[in-house]
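Here is the structure we will look at, set down as structure tokens.
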Amino acid sequence: MGRKEKFVYNIHTLTYEKVVVPFKTRIWQAFGFFSVVLVTSVALLAVLYTYFPSPREKELIREIEQMEYKYSQLNDQLEVMSKVLHNIQERDANVHRAVFGMDPVDQDIWNSGIGGHEAHPELDAFKYGGNYIRKTVEKIDVLSRQLTLQSKSLDTIQELANNQQKMLASIPSVKPVREDKLQKSMNILSGFGYRIHPVYKIKKFHEGVDFPARVGTAIQATGDGIVKEAGWHHGYGNCVRISHGYGYETWYAHMNKMNVRVGERVKKGQKIGEVGDTGLSTAPHLHYEVHYKGSPINPINFCMDNLTPQEYQQMVNSAAMANQSLD
């Protein structure tokens with residue numbers, strides 16, 4: 001069936017004339033029609049997608065909600081971790097102050113932020129979830145930095161503890177001869193200070209403490225160290241000298257036998273020789289000296305093993321009494 005034709009009545013000619021629509025007008029009419037259809041379709045789709053999401057969109061919405069909940073839990077866990085780390089940091093600071101006498105980690109450094117430019121600009125690409133991710137990442141950055149600071153602080157503590165342990169093992173702190181091997185009581189020792197010399201019969205400064213014991217009684221190193229001398233020393237006879245570091249040296253004189261060599265490392269309590277009567281000596285004994293930074297100091301202050309405070313004080317008082325030395 002052909003296209004219907006339209007006619008209009010011309011009042012001037014009194015005839016019906018065929019209506020001819022220009023091509024350009026028909027184009028504009030078609031364009032208008034399709035525009036109305038297009039706008040209407042878009043509006044309908046917008047309404048549908050807004051109020052009637054697709055199954056895929058519903059799944060994504062549920063996943064986003066679950067992610068938000070998980071991020072919230074993760075932030076809570078990070079808060080707990082931060083509190084635990086702060087507790088460790090406070091205990092660390094107390095250890096630094098109480099044990100090692102040094103300053104703890106500066107609180108301004110500990111609490112400072114990352115600073116500078118935006119640390120994670122890539123998160124700007126996340127229009128909806130960027131804030132959740134940014135908060136979590138920022139907390140992780142702070143914790144990571146504080147963990148690094150705490151790790152370095154603990155490394156310092158460990159190094160100090162190792163040095164402290166080494167120092168405690170090195171500094172002389174025990175008697176060179178076991179108390180049960182002495183021939184006389186610890187209360188009648190010939191101590192440090194001016195004494196009557198047994199040979200010259202004059203008052204002479206006695207730079208050590210004499211421990212009377214039988215020939216062959218074991219002599220022990222009073223601290224960790226390195227043997228600096230092991231041989232004949234004028235007046236001292238067979239003599240061993242040990243450097244303990246930290247400014248300390250110990251001397252062991254009038255020995256009958258020496259069990260160590262120069263350069264040998266020794267441990268506290270290790271046998272280094274035996275009591276004798278060599279050199280300028282009037283009876284079997286060990287003459288023991290402690291030197292600090294090149295000067296002799298009272299060895300009795302370093303013979304603290306197996307003594308109560310009362311026994312130690314009694315020994316100090318007895319050693320301080322003026323009497324005749326054995327060398």
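Please note that chains go A, B, ... in the order of the structure tokens, that every chain numbers its residues from 1, and that ligands are numbered from 1 in the order shown.
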Exercise for the section: Compile the contact shell of range 261-269 of chain A as an NGL selection string: residues with an atom at most 10 Å away, counting only C-alpha atoms, same-chain residues fewer than 5 positions apart removed. Expected result: :A and (169-178 or 219-231 or 240-244)
Residue selection dump (C-alpha atoms) as a PDB file, in the first residue's frame:
```pdb
ATOM      1  CA  ALA A 169      82.924 -10.554  83.430  1.00  0.00           C
ATOM      2  CA  SER A 170      86.156  -8.625  82.849  1.00  0.00           C
ATOM      3  CA  ILE A 171      86.402  -6.414  85.909  1.00  0.00           C
ATOM      4  CA  PRO A 172      88.138  -8.294  88.783  1.00  0.00           C
ATOM      5  CA  SER A 173      85.544  -9.391  91.307  1.00  0.00           C
ATOM      6  CA  VAL A 174      86.676 -12.631  92.985  1.00  0.00           C
ATOM      7  CA  LYS A 175      89.549 -13.668  95.253  1.00  0.00           C
ATOM      8  CA  PRO A 176      92.557 -15.093  93.378  1.00  0.00           C
ATOM      9  CA  VAL A 177      92.828 -17.963  95.878  1.00  0.00           C
ATOM     10  CA  ARG A 178      89.867 -19.933  97.195  1.00  0.00           C
ATOM     11  CA  ILE A 219      95.522 -19.456  91.571  1.00  0.00           C
ATOM     12  CA  GLN A 220      92.582 -18.271  89.478  1.00  0.00           C
ATOM     13  CA  ALA A 221      92.102 -15.288  87.153  1.00  0.00           C
ATOM     14  CA  THR A 222      89.840 -12.790  88.859  1.00  0.00           C
ATOM     15  CA  GLY A 223      88.274 -11.621  85.572  1.00  0.00           C
ATOM     16  CA  ASP A 224      88.283 -12.234  81.832  1.00  0.00           C
ATOM     17  CA  GLY A 225      91.319 -10.810  80.079  1.00  0.00           C
ATOM     18  CA  ILE A 226      94.513 -11.254  78.080  1.00  0.00           C
ATOM     19  CA  VAL A 227      97.841 -12.302  79.593  1.00  0.00           C
ATOM     20  CA  LYS A 228     100.347  -9.474  79.136  1.00  0.00           C
ATOM     21  CA  GLU A 229     103.200 -10.942  81.158  1.00  0.00           C
ATOM     22  CA  ALA A 230     104.099 -14.453  82.307  1.00  0.00           C
ATOM     23  CA  GLY A 231     107.654 -14.834  83.547  1.00  0.00           C
ATOM     24  CA  VAL A 240     101.536 -13.174  85.694  1.00  0.00           C
ATOM     25  CA  ARG A 241      99.972  -9.883  84.599  1.00  0.00           C
ATOM     26  CA  ILE A 242      96.511  -9.846  83.022  1.00  0.00           C
ATOM     27  CA  SER A 243      94.862  -6.952  81.180  1.00  0.00           C
ATOM     28  CA  HIS A 244      91.094  -6.968  81.656  1.00  0.00           C
TER      29      HIS A 244
END
```
Exercise for the section: Report the residues of range 153-303 of chain A whose backbone DSSP state falls under strand (DSSP E or B), written as a PyMOL selection string. Expected result: chain A and resi 182+190+193-196+203-206+209-213+218-220+225-233+237-245+248-258+265-266+271-276+285-292+295-297
Problem - Selection: 6 Å around Thr278 in chain A, only C-alpha atoms, excl. self and same-chain fewer than 2 positions, as a ChimeraX atom specification - result: /A:237,254,276
Practice task
Tell me which protein, DNA and RNA residues are within 12 Å of Ile88 in chain A, counting only C-alpha atoms, leaving out same-chain ones fewer than 2 positions away, and put them as a list in words.
Solution key: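 In the requested format, the answer is Met81, Ser82, Lys83, Val84, Leu85, His86, Glu90, Arg91, Asp92, Ala93, Asn94, Val95, Val105, Gln146, Leu147, Leu149, Gln150, Ser151, Ser153 and Leu154 of chain A.
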N, CA and C atoms of the current selection, written as a compact mmCIF listing (two decimals), in the first residue's frame:
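Result went into part.txt, see below:
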```
# COMPACT_ATOMS: atom_id res chain seq x y z
N MET A 81 47.31 -2.65 68.13
CA MET A 81 48.74 -2.84 67.90
C MET A 81 49.53 -1.59 68.27
N SER A 82 48.96 -0.42 67.96
CA SER A 82 49.63 0.83 68.29
C SER A 82 49.76 0.99 69.81
N LYS A 83 48.71 0.63 70.56
CA LYS A 83 48.77 0.73 72.01
C LYS A 83 49.81 -0.23 72.59
N VAL A 84 49.88 -1.44 72.04
CA VAL A 84 50.87 -2.42 72.51
C VAL A 84 52.29 -1.90 72.23
N LEU A 85 52.48 -1.34 71.05
CA LEU A 85 53.80 -0.80 70.70
C LEU A 85 54.17 0.36 71.62
N HIS A 86 53.22 1.21 71.94
CA HIS A 86 53.49 2.33 72.85
C HIS A 86 53.86 1.81 74.24
N GLU A 90 57.36 2.53 76.18
CA GLU A 90 57.47 3.08 77.53
C GLU A 90 58.37 2.21 78.40
N ARG A 91 58.21 0.89 78.28
CA ARG A 91 59.07 -0.03 79.05
C ARG A 91 60.52 0.09 78.60
N ASP A 92 60.70 0.26 77.30
CA ASP A 92 62.03 0.45 76.75
C ASP A 92 62.66 1.72 77.35
N ALA A 93 61.89 2.80 77.40
CA ALA A 93 62.39 4.06 77.95
C ALA A 93 62.79 3.89 79.41
N ASN A 94 61.99 3.15 80.17
CA ASN A 94 62.31 2.92 81.58
C ASN A 94 63.60 2.12 81.73
N VAL A 95 63.80 1.14 80.85
CA VAL A 95 65.03 0.35 80.88
C VAL A 95 66.23 1.23 80.58
N VAL A 105 64.16 7.08 73.50
CA VAL A 105 63.80 7.65 72.21
C VAL A 105 63.04 8.96 72.43
N GLN A 146 57.42 3.55 63.63
CA GLN A 146 57.66 3.36 65.07
C GLN A 146 58.31 2.00 65.34
N LEU A 147 57.91 0.99 64.59
CA LEU A 147 58.55 -0.32 64.75
C LEU A 147 60.02 -0.25 64.39
N LEU A 149 61.95 2.45 64.65
CA LEU A 149 62.60 3.14 65.76
C LEU A 149 62.79 2.21 66.96
N GLN A 150 61.74 1.43 67.27
CA GLN A 150 61.82 0.53 68.42
C GLN A 150 62.85 -0.57 68.19
N SER A 151 62.91 -1.07 66.94
CA SER A 151 63.89 -2.11 66.62
C SER A 151 65.31 -1.59 66.82
N SER A 153 66.17 0.85 68.77
CA SER A 153 66.36 1.05 70.20
C SER A 153 66.70 -0.25 70.90
N LEU A 154 66.00 -1.33 70.52
CA LEU A 154 66.28 -2.64 71.12
C LEU A 154 67.67 -3.14 70.73
```
Problem - Spatial neighbours of Leu182 in chain A, max dist 6 Å, only C-alpha atoms, sep filter under 3 positions, as a PyMOL selection string - result: chain A and resi 179+212-213
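The residue that comes closest to Gln89 in chain A, out of A:Val137, A:Trp110, A:Gly191, A:Val39 and on the basis of only C-alpha atoms, is A:Trp110.
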Practice task
Using CA of Thr148 in chain A and CA of Lys70 in chain A as the two end points, give the distance in Å to one decimal.
Solution key: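 That distance, rounded to one decimal, is 26.5 Å.
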